[in-house]
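Source file: structure-v9.cif. Holds: mmCIF, C-alpha atoms.
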data_work
#
loop_
_atom_site.label_atom_id
_atom_site.label_comp_id
_atom_site.auth_asym_id
_atom_site.auth_seq_id
_atom_site.Cartn_x
_atom_site.Cartn_y
_atom_site.Cartn_z
CA MET A 1 -86.79 16.94 22.58
CA LYS A 2 -84.59 18.48 19.96
CA PHE A 3 -81.12 19.82 20.67
CA ARG A 4 -79.79 22.66 18.63
CA ARG A 5 -76.10 23.09 18.11
CA HIS A 6 -75.27 26.66 18.93
CA LEU A 7 -72.38 28.11 16.99
CA PRO A 8 -70.87 31.53 17.51
CA ARG A 9 -72.03 34.14 15.05
CA PRO A 10 -69.51 34.81 12.31
CA VAL A 11 -67.71 38.12 12.44
CA ASP A 12 -68.79 40.59 9.82
CA TRP A 13 -65.38 42.00 8.92
CA LEU A 14 -66.83 44.27 6.26
CA ALA A 15 -69.20 45.97 8.75
CA TRP A 16 -66.39 46.21 11.28
CA PHE A 17 -64.18 47.88 8.66
CA ARG A 18 -66.94 50.35 7.77
CA ARG A 19 -67.43 51.30 11.42
CA ASN A 20 -63.71 51.98 11.87
CA PRO A 21 -62.92 55.39 10.31
CA THR A 22 -59.16 54.99 10.85
CA LEU A 23 -59.05 51.86 8.74
CA GLN A 24 -61.17 53.54 6.11
CA ARG A 25 -58.66 56.38 5.83
CA GLU A 26 -55.66 54.00 5.71
CA GLY A 27 -57.34 51.36 3.57
CA PRO A 28 -55.78 52.37 0.23
CA GLU A 29 -52.30 52.39 1.75
CA ILE A 30 -52.84 48.95 3.30
CA ARG A 31 -54.15 47.54 0.04
CA ARG A 32 -51.19 49.08 -1.81
CA ALA A 33 -48.72 47.53 0.67
CA LEU A 34 -50.39 44.11 0.43
CA LYS A 35 -50.33 44.36 -3.35
CA ASN A 36 -46.59 45.21 -3.35
CA LEU A 37 -45.90 42.33 -0.95
CA ALA A 38 -47.79 39.92 -3.18
CA ILE A 39 -45.85 41.14 -6.24
CA PHE A 40 -42.54 40.70 -4.40
CA LEU A 41 -43.36 37.18 -3.21
CA GLY A 42 -44.58 36.20 -6.65
CA ALA A 43 -41.42 37.53 -8.30
CA ALA A 44 -39.24 35.68 -5.78
CA ALA A 45 -41.09 32.42 -6.42
CA ILE A 46 -40.80 32.84 -10.19
CA GLY A 47 -37.07 33.65 -9.87
CA TYR A 48 -36.45 30.54 -7.78
CA LEU A 49 -38.28 28.34 -10.27
CA VAL A 50 -36.32 29.82 -13.20
CA ALA A 51 -32.98 29.29 -11.40
CA ALA A 52 -33.86 25.78 -10.26
CA LEU A 53 -35.29 24.57 -13.57
CA PHE A 54 -33.13 26.35 -16.14
CA LEU A 55 -29.97 27.86 -14.64
CA PHE A 56 -28.76 25.38 -11.99
CA ARG A 57 -31.04 22.41 -12.75
CA ALA A 58 -31.54 21.83 -9.02
CA PRO A 59 -34.54 19.80 -7.90
CA ILE A 60 -37.13 21.68 -5.92
CA PHE A 61 -37.11 19.01 -3.26
CA ALA A 62 -33.60 17.53 -2.88
CA GLN A 63 -33.39 13.76 -2.41
CA SER A 64 -31.32 12.25 0.38
CA SER A 65 -29.18 9.11 0.67
CA THR A 66 -27.65 7.18 3.56
CA VAL A 67 -23.89 6.80 3.25
CA PRO A 68 -22.96 3.07 3.13
CA ARG A 69 -19.89 1.67 4.87
CA VAL A 70 -17.12 0.98 2.36
CA ILE A 71 -14.11 0.69 4.70
CA GLY A 72 -12.14 -2.46 3.90
CA LEU A 73 -13.31 -2.69 0.29
CA PRO A 74 -11.09 -2.27 -2.78
CA VAL A 75 -11.49 1.18 -4.25
CA ASP A 76 -13.39 -0.05 -7.35
CA SER A 77 -15.88 -1.98 -5.21
CA ALA A 78 -16.30 1.03 -2.91
CA ARG A 79 -17.11 3.26 -5.89
CA ALA A 80 -19.71 0.75 -7.09
CA VAL A 81 -21.40 0.59 -3.66
CA LEU A 82 -21.53 4.38 -3.45
CA LYS A 83 -22.92 4.65 -6.97
CA ARG A 84 -25.79 2.32 -6.06
CA ALA A 85 -26.54 4.67 -3.17
CA GLU A 86 -26.57 7.62 -5.63
CA LEU A 87 -23.32 8.99 -4.22
CA ASN A 88 -19.90 9.67 -5.71
CA GLY A 89 -16.53 8.36 -4.53
CA ARG A 90 -13.36 10.44 -4.69
CA GLU A 91 -9.98 8.77 -4.19
CA GLY A 92 -7.78 10.58 -1.69
CA GLU A 93 -4.19 10.17 -0.60
CA LYS A 94 -2.67 6.78 0.13
CA VAL A 95 -1.69 6.28 3.75
CA PRO A 96 0.67 3.57 5.09
CA HIS A 97 -1.23 0.88 6.99
CA PRO A 98 0.29 -2.04 8.93
CA SER A 99 -2.29 -4.65 7.89
CA ALA A 100 -4.64 -3.39 5.14
CA LEU A 101 -3.75 -4.41 1.60
CA PRO A 102 -2.71 -1.63 -0.79
CA GLY A 103 -5.71 -0.01 -2.50
CA ARG A 104 -8.19 -0.88 0.27
CA VAL A 105 -10.35 1.87 1.79
CA ILE A 106 -9.23 2.63 5.35
CA TRP A 107 -11.31 5.79 5.96
CA GLN A 108 -14.30 7.58 4.47
CA ASP A 109 -15.74 11.06 4.87
CA PRO A 110 -18.70 11.43 5.46
CA PRO A 111 -18.74 8.29 7.65
CA ALA A 112 -21.21 5.45 7.29
CA ASP A 113 -24.93 5.82 8.18
CA VAL A 114 -24.92 9.62 7.77
CA VAL A 115 -27.85 11.00 5.73
CA VAL A 116 -26.66 13.36 2.99
CA THR A 117 -28.01 14.87 -0.20
CA SER A 118 -27.99 12.51 -3.17
CA GLY A 119 -24.96 13.11 -5.37
CA THR A 120 -22.70 14.01 -2.44
CA THR A 121 -19.03 13.10 -2.92
CA VAL A 122 -17.52 10.75 -0.35
CA ASP A 123 -13.75 11.11 0.14
CA LEU A 124 -11.93 7.77 0.34
CA SER A 125 -8.53 7.32 1.98
CA LEU A 126 -6.68 4.27 0.65
CA SER A 127 -4.07 2.01 2.17
CA GLY A 128 -0.57 2.26 0.77
CA GLY A 129 0.38 -1.01 2.47
CA PRO A 130 2.85 -1.39 5.31
CA GLN A 131 5.39 1.37 5.71
CA LYS A 132 8.68 0.30 4.15
CA VAL A 133 11.77 -0.25 6.27
CA LEU A 134 15.20 1.12 5.39
CA ILE A 135 18.02 -1.44 5.53
CA PRO A 136 20.60 -0.33 8.10
CA ASP A 137 24.28 -0.13 7.21
CA VAL A 138 25.86 -3.18 8.88
CA ALA A 139 29.19 -3.25 7.04
CA GLY A 140 32.09 -3.68 9.47
CA TYR A 141 30.05 -5.40 12.20
CA ASP A 142 30.49 -9.03 13.17
CA GLU A 143 27.82 -11.40 11.91
CA ALA A 144 25.90 -11.65 15.21
CA THR A 145 25.66 -7.88 15.68
CA ALA A 146 24.70 -7.29 12.05
CA ARG A 147 21.95 -9.91 12.27
CA LEU A 148 20.61 -8.25 15.43
CA LEU A 149 20.52 -4.83 13.73
CA ILE A 150 18.64 -6.23 10.73
CA GLN A 151 16.08 -7.97 12.93
CA SER A 152 15.62 -4.85 15.07
CA ALA A 153 14.65 -2.97 11.91
CA GLY A 154 11.82 -5.46 11.30
CA LEU A 155 13.59 -7.52 8.62
CA THR A 156 15.01 -11.05 8.50
CA ALA A 157 18.65 -11.94 7.85
CA THR A 158 20.39 -14.73 5.96
CA THR A 159 24.14 -15.04 5.39
CA GLU A 160 26.60 -16.12 2.75
CA THR A 161 30.41 -16.07 2.78
CA ALA A 162 32.83 -14.45 0.38
CA GLN A 163 36.62 -14.25 0.11
CA THR A 164 37.66 -10.74 1.03
CA ALA A 165 40.55 -8.97 2.71
CA ALA A 166 38.33 -8.24 5.72
CA PRO A 167 38.82 -10.34 8.86
CA LYS A 168 36.91 -13.60 8.96
CA GLY A 169 33.35 -13.26 10.31
CA VAL A 170 32.99 -9.55 9.52
CA VAL A 171 30.07 -8.37 7.36
CA VAL A 172 31.35 -6.61 4.25
CA ASN A 173 27.99 -5.62 2.67
CA SER A 174 24.36 -6.65 2.26
CA ARG A 175 21.95 -7.46 -0.55
CA PRO A 176 19.94 -5.30 -1.12
CA PRO A 177 22.42 -2.61 -0.14
CA ALA A 178 22.08 -0.37 2.90
CA GLY A 179 19.47 2.38 2.50
CA SER A 180 17.14 0.31 0.32
CA ALA A 181 13.47 0.22 1.36
CA LEU A 182 11.74 -3.12 1.94
CA ASN A 183 8.42 -4.24 3.37
CA PRO A 184 8.64 -5.48 6.97
CA GLY A 185 9.72 -9.12 7.25
CA ARG A 186 11.57 -9.25 3.95
CA PRO A 187 14.97 -11.05 3.92
CA VAL A 188 18.34 -9.33 3.72
CA VAL A 189 21.45 -11.30 2.73
CA LEU A 190 24.50 -10.50 4.84
CA VAL A 191 27.76 -11.08 2.98
CA VAL A 192 30.25 -12.30 5.60
CA SER A 193 33.97 -12.38 4.96
CA ALA A 194 35.57 -15.82 4.93
CA GLY A 195 38.93 -14.19 5.53
CA ALA A 196 41.82 -13.32 3.27
CA PRO A 197 43.03 -15.98 0.80
CA THR A 198 45.96 -17.56 2.67
CA ILE A 199 45.82 -21.22 1.64
CA THR A 200 47.52 -22.47 -1.53
CA VAL A 201 45.09 -24.52 -3.57
CA PRO A 202 46.70 -27.93 -4.24
CA ASN A 203 47.10 -29.23 -7.76
CA VAL A 204 44.94 -32.35 -8.06
CA MET A 205 45.15 -32.81 -11.84
CA GLY A 206 45.45 -36.51 -12.78
CA LEU A 207 44.31 -37.78 -9.37
CA THR A 208 41.20 -39.85 -8.83
CA LEU A 209 38.19 -38.17 -7.29
CA GLU A 210 38.83 -39.79 -3.91
CA GLU A 211 42.49 -38.78 -3.93
CA ALA A 212 41.64 -35.22 -4.96
CA LYS A 213 39.05 -34.87 -2.17
CA ALA A 214 41.50 -36.09 0.44
CA LYS A 215 44.20 -33.69 -0.70
CA ILE A 216 41.83 -30.69 -0.83
CA ASP A 217 40.35 -31.38 2.60
CA SER A 218 43.80 -31.81 4.16
CA VAL A 219 44.76 -28.15 3.56
CA GLY A 220 41.53 -26.63 4.95
CA LEU A 221 39.59 -26.32 1.72
CA ARG A 222 36.55 -28.29 0.59
CA THR A 223 35.47 -30.10 -2.55
CA GLY A 224 32.76 -28.37 -4.54
CA THR A 225 30.85 -29.76 -7.52
CA SER A 226 32.15 -32.71 -9.55
CA LEU A 227 31.26 -32.88 -13.25
CA MET A 228 31.96 -35.66 -15.79
CA ARG A 229 33.34 -34.90 -19.26
CA SER A 230 34.06 -37.34 -22.07
CA THR A 231 37.69 -37.29 -23.26
CA THR A 232 40.30 -39.56 -24.86
CA ASP A 233 43.30 -37.65 -23.45
CA ALA A 234 43.08 -38.82 -19.81
CA VAL A 235 42.46 -41.89 -17.76
CA PRO A 236 38.75 -42.26 -16.99
CA GLY A 237 37.94 -41.33 -13.36
CA THR A 238 40.81 -38.84 -12.99
CA VAL A 239 40.69 -35.05 -12.62
CA ILE A 240 41.14 -33.19 -15.90
CA ASP A 241 40.24 -29.66 -14.68
CA GLN A 242 39.81 -27.75 -11.42
CA ARG A 243 38.57 -24.34 -10.32
CA PRO A 244 40.32 -22.48 -8.76
CA PRO A 245 43.47 -23.87 -10.34
CA GLY A 246 46.33 -25.28 -8.31
CA GLY A 247 48.84 -22.81 -6.92
CA THR A 248 46.35 -19.95 -6.35
CA LEU A 249 45.42 -18.68 -2.89
CA GLY A 250 42.08 -19.35 -1.28
CA ALA A 251 40.43 -18.55 2.04
CA PRO A 252 39.73 -21.32 4.53
CA GLY A 253 36.72 -23.34 3.43
CA THR A 254 36.97 -22.30 -0.22
CA ALA A 255 35.25 -24.80 -2.56
CA VAL A 256 37.32 -26.39 -5.32
CA ASP A 257 35.22 -27.58 -8.27
CA LEU A 258 36.45 -30.62 -10.21
CA VAL A 259 35.94 -32.04 -13.72
CA ILE A 260 36.39 -35.85 -14.01
CA ALA A 261 37.27 -37.71 -17.19
CA ARG A 262 34.64 -40.09 -18.56
CA LYS A 263 35.43 -42.95 -20.92
CA VAL A 264 34.25 -42.35 -24.46
CA GLN A 265 31.75 -44.99 -25.52
#
Please, can you express the file's structure as structure tokens?
Amino acid sequence: MKFRRHLPRPVDWLAWFRRNPTLQREGPEIRRALKNLAIFLGAAAIGYLVAALFLFRAPIFAQSSTVPRVIGLPVDSARAVLKRAELNGREGEKVPHPSALPGRVIWQDPPADVVVTSGTTVDLSLSGGPQKVLIPDVAGYDEATARLLIQSAGLTATTETAQTAAPKGVVVNSRPPAGSALNPGRPVVLVVSAGAPTITVPNVMGLTLEEAKAKIDSVGLRTGTSLMRSTTDAVPGTVIDQRPPGGTLGAPGTAVDLVIARKVQ
């Protein structure tokens, strides 16, 4: 037994058109409209091809790229990574950051893993490093209060003394001076007054080193550096020069530097 595959009879559109008098009357207009539509579509396609290939050089089918993550990289490395992904990197403003090193990327736009058209520019925000701290004005405060103010600003404090007319223990200035900007944690030297010069420096010329030290210490001063100098005009082992000289005024604890005669060989 044979089975025949029955298919529907094809529609004879030409016969159907001939049997329809309305379509026969409007046929020229329809053909004219279809012809105009075909001309318009063809002109539009040709115009797009001319603009894409000659005027704007745009590819007919744009390629796409996935934006890589470049946060945390130095700006040069970030540009290189984006270039390999057929993207461009544009450096933006530098923003203070508490931990990122200066010049590192801390933000990108578009973000990572976004699919964009190849050649898209990715804006990169860079770290400007930690925000600098202004040194507070601590002149006139006692040492403890000044140190607390410096530490509260996020800096560290060290001290040194100086002979001034200010009362003993009072901060007279700082190095760097007040108003300077430093990175957090940087040291600031507090210059603390040792008091007004009220002690007469004794004259220890001609004394031995031990005798000079005892005399200096007895008046509330201290012995500083001791240097040896060859000379034939003094007894070896005796003081031949001192700074500050005898008879001048010094603050308590002022160092007196001595030069000791050395026998000429």
Please list as an mmCIF file with C-alpha atoms, keeping the file's coordinate frame every residue within 9 Å of Val201 in chain A, counting all atoms listed in the file and excluding residues in the same chain fewer than 5 positions away.
data_model
loop_
_atom_site.group_PDB
_atom_site.id
_atom_site.type_symbol
_atom_site.label_atom_id
_atom_site.label_comp_id
_atom_site.auth_asym_id
_atom_site.auth_seq_id
_atom_site.Cartn_x
_atom_site.Cartn_y
_atom_site.Cartn_z
ATOM 1 C CA ILE A 216 41.830 -30.690 -0.830
ATOM 2 C CA VAL A 219 44.760 -28.150 3.560
ATOM 3 C CA LEU A 221 39.590 -26.320 1.720
ATOM 4 C CA PRO A 244 40.320 -22.480 -8.760
ATOM 5 C CA PRO A 245 43.470 -23.870 -10.340
ATOM 6 C CA GLY A 246 46.330 -25.280 -8.310
ATOM 7 C CA GLY A 247 48.840 -22.810 -6.920
ATOM 8 C CA THR A 248 46.350 -19.950 -6.350
ATOM 9 C CA LEU A 249 45.420 -18.680 -2.890
ATOM 10 C CA GLY A 250 42.080 -19.350 -1.280
ATOM 11 C CA VAL A 256 37.320 -26.390 -5.320
#
Step by step, work through what the PyMOL selection byres ((chain A and resi 105) around 9) selects in the shown file, and finish by giving those residues as a ChimeraX atom specification. /A:70-75,78,100,102-104,106-108,124-127
Tell me, in Å to one decimal, how far CA of Thr232 in chain A is from CA of Ala212 in chain A.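 A separation of 20.4 Å between them.
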Enumerate, as a ChimeraX atom specification, the residues matched when the PyMOL selection byres ((chain A and resi 175-177) around 8) is run on the file above. /A:135,137,173-174,178-180,188-191
Write out, as an mmCIF file, in the coordinates of the input, the residues just selected, with C-alpha atoms.
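Written file, result.cif:
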data_model
loop_
_atom_site.group_PDB
_atom_site.id
_atom_site.type_symbol
_atom_site.label_atom_id
_atom_site.label_comp_id
_atom_site.auth_asym_id
_atom_site.auth_seq_id
_atom_site.Cartn_x
_atom_site.Cartn_y
_atom_site.Cartn_z
ATOM 1 C CA ILE A 135 18.020 -1.440 5.530
ATOM 2 C CA ASP A 137 24.280 -0.130 7.210
ATOM 3 C CA ASN A 173 27.990 -5.620 2.670
ATOM 4 C CA SER A 174 24.360 -6.650 2.260
ATOM 5 C CA ALA A 178 22.080 -0.370 2.900
ATOM 6 C CA GLY A 179 19.470 2.380 2.500
ATOM 7 C CA SER A 180 17.140 0.310 0.320
ATOM 8 C CA VAL A 188 18.340 -9.330 3.720
ATOM 9 C CA VAL A 189 21.450 -11.300 2.730
ATOM 10 C CA LEU A 190 24.500 -10.500 4.840
ATOM 11 C CA VAL A 191 27.760 -11.080 2.980
#
Tell me which of A:Thr158, A:Thr223, A:Gln242, A:Gln151 sits closest to Pro184 in chain A, counting all atoms listed in the file.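 For Pro184 in chain A, the nearest of the candidates is A:Gln151.
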Output of the PyMOL selection byres ((chain A and resi 90) around 8), listed as a ChimeraX atom specification: /A:88-89,91-92,121-124
A straight line from CA of Pro236 in chain A to CA of Leu209 in chain A spans 10.5 Å
Figure out the distance between CA of Val192 in chain A and CA of Val138 in chain A, please, to one decimal in Å.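 One can read the CA of Val138 in chain A to CA of Val192 in chain A distance as 10.6 Å.
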Quick one: of A:Val81, A:Pro130, A:Ala165, A:Thr156, who's nearest to Leu101 in chain A, counting all atoms listed in the file? A:Pro130
Just the residues within 12 Å of Val264 in chain A, please, counting all atoms listed in the file, with nothing from its chain fewer than 5 positions along; format it as a count of residues only. 10
Leaving out Ala85 in chain A and any residue of its chain fewer than 5 positions from it, which residues lie within 12 Å of it when counting all atoms listed in the file, given as a PyMOL selection string? chain A and resi 63-70+78-80+112-113+115-122
Protein, DNA and RNA residues within 9 Å of (45.7, -29.9, -16.1), all atoms listed in the file, as a count of residues only: 9
Selected residue of minimal separation from Gly129 in chain A among A:Leu155, A:Ala144, A:Ala261, A:Leu182, counting all atoms listed in the file: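 Smallest distance to Gly129 in chain A is found for A:Leu182.
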I want to know what sits within 9 Å of Gln163 in chain A, based on only C-alpha atoms, with residues of the same chain fewer than 4 positions away left out; could you give that as an MDAnalysis selection string? chainID A and resid 168 192:197 250:252 254
Could range 156-257 of chain A be written out with C-alpha atoms, as a short mmCIF file (atom, residue, chain, number, x, y, z; two decimals), in the first residue's frame, please?
data_model
loop_
_atom_site.label_atom_id
_atom_site.label_comp_id
_atom_site.auth_asym_id
_atom_site.auth_seq_id
_atom_site.Cartn_x
_atom_site.Cartn_y
_atom_site.Cartn_z
CA THR A 156 53.38 63.38 66.92
CA ALA A 157 55.32 65.76 69.16
CA THR A 158 58.93 65.99 70.27
CA THR A 159 60.45 68.77 72.39
CA GLU A 160 63.62 70.78 72.70
CA THR A 161 64.49 73.63 75.07
CA ALA A 162 65.67 77.14 74.33
CA GLN A 163 66.64 80.15 76.43
CA THR A 164 63.89 82.72 76.12
CA ALA A 165 62.23 85.39 78.22
CA ALA A 166 59.09 83.23 78.45
CA PRO A 167 58.43 81.37 81.70
CA LYS A 168 60.09 77.99 82.02
CA GLY A 169 58.05 75.12 80.52
CA VAL A 170 56.02 77.30 78.14
CA VAL A 171 56.03 76.50 74.40
CA VAL A 172 57.33 79.48 72.42
CA ASN A 173 56.95 78.06 68.87
CA SER A 174 57.05 74.88 66.79
CA ARG A 175 58.97 73.49 63.84
CA PRO A 176 57.44 73.45 61.26
CA PRO A 177 55.54 76.58 62.25
CA ALA A 178 51.82 76.71 63.00
CA GLY A 179 49.62 76.53 59.89
CA SER A 180 51.97 74.25 57.96
CA ALA A 181 50.42 71.15 56.37
CA LEU A 182 51.84 67.70 57.14
CA ASN A 183 50.79 64.13 56.48
CA PRO A 184 49.16 62.43 59.49
CA GLY A 185 51.67 60.99 61.95
CA ARG A 186 54.52 63.32 61.05
CA PRO A 187 56.57 64.78 63.94
CA VAL A 188 56.37 68.37 65.16
CA VAL A 189 59.14 69.82 67.34
CA LEU A 190 57.87 71.90 70.25
CA VAL A 191 60.35 74.56 71.34
CA VAL A 192 59.94 74.86 75.12
CA SER A 193 61.35 77.77 77.07
CA ALA A 194 64.07 76.93 79.57
CA GLY A 195 63.37 80.21 81.34
CA ALA A 196 65.07 83.58 81.30
CA PRO A 197 68.88 83.67 81.64
CA THR A 198 69.34 84.32 85.38
CA ILE A 199 72.50 82.37 86.25
CA THR A 200 75.95 83.88 85.83
CA VAL A 201 78.18 81.50 83.90
CA PRO A 202 81.33 80.89 85.99
CA ASN A 203 84.76 81.52 84.55
CA VAL A 204 86.55 78.15 84.40
CA MET A 205 89.54 79.21 82.30
CA GLY A 206 92.76 77.54 83.52
CA LEU A 207 90.96 74.87 85.57
CA THR A 208 91.21 71.17 84.89
CA LEU A 209 88.28 69.45 83.26
CA GLU A 210 87.16 67.91 86.55
CA GLU A 211 87.39 71.24 88.37
CA ALA A 212 85.50 73.03 85.60
CA LYS A 213 82.69 70.44 85.62
CA ALA A 214 82.28 70.72 89.38
CA LYS A 215 82.11 74.51 89.26
CA ILE A 216 79.62 74.56 86.37
CA ASP A 217 77.33 71.99 87.96
CA SER A 218 77.35 73.81 91.31
CA VAL A 219 75.56 76.88 89.90
CA GLY A 220 72.77 74.95 88.10
CA LEU A 221 74.36 74.70 84.67
CA ARG A 222 75.73 71.63 82.92
CA THR A 223 78.88 70.74 81.03
CA GLY A 224 78.45 70.37 77.29
CA THR A 225 81.00 69.06 74.80
CA SER A 226 84.72 68.91 75.61
CA LEU A 227 87.21 69.30 72.75
CA MET A 228 91.02 68.97 72.78
CA ARG A 229 93.28 71.53 71.08
CA SER A 230 97.05 71.49 70.80
CA THR A 231 98.73 74.59 72.29
CA THR A 232 102.01 75.68 73.89
CA ASP A 233 100.47 78.60 75.83
CA ALA A 234 98.66 76.60 78.54
CA VAL A 235 99.14 73.68 80.84
CA PRO A 236 97.95 70.47 79.18
CA GLY A 237 94.59 69.29 80.60
CA THR A 238 93.35 72.78 81.52
CA VAL A 239 90.51 74.82 80.01
CA ILE A 240 91.66 77.28 77.35
CA ASP A 241 88.22 78.32 76.01
CA GLN A 242 84.55 78.12 77.00
CA ARG A 243 81.19 78.88 75.41
CA PRO A 244 79.27 80.79 76.69
CA PRO A 245 82.08 82.80 78.26
CA GLY A 246 82.31 83.45 81.97
CA GLY A 247 80.28 86.34 83.33
CA THR A 248 77.35 86.01 80.88
CA LEU A 249 73.85 84.99 81.96
CA GLY A 250 72.36 81.62 81.21
CA ALA A 251 69.11 79.83 81.96
CA PRO A 252 69.06 76.89 84.35
CA GLY A 253 70.46 73.80 82.65
CA THR A 254 72.37 75.74 80.00
CA ALA A 255 75.27 73.72 78.54
CA VAL A 256 78.77 75.17 78.76
CA ASP A 257 81.12 73.83 76.08
#
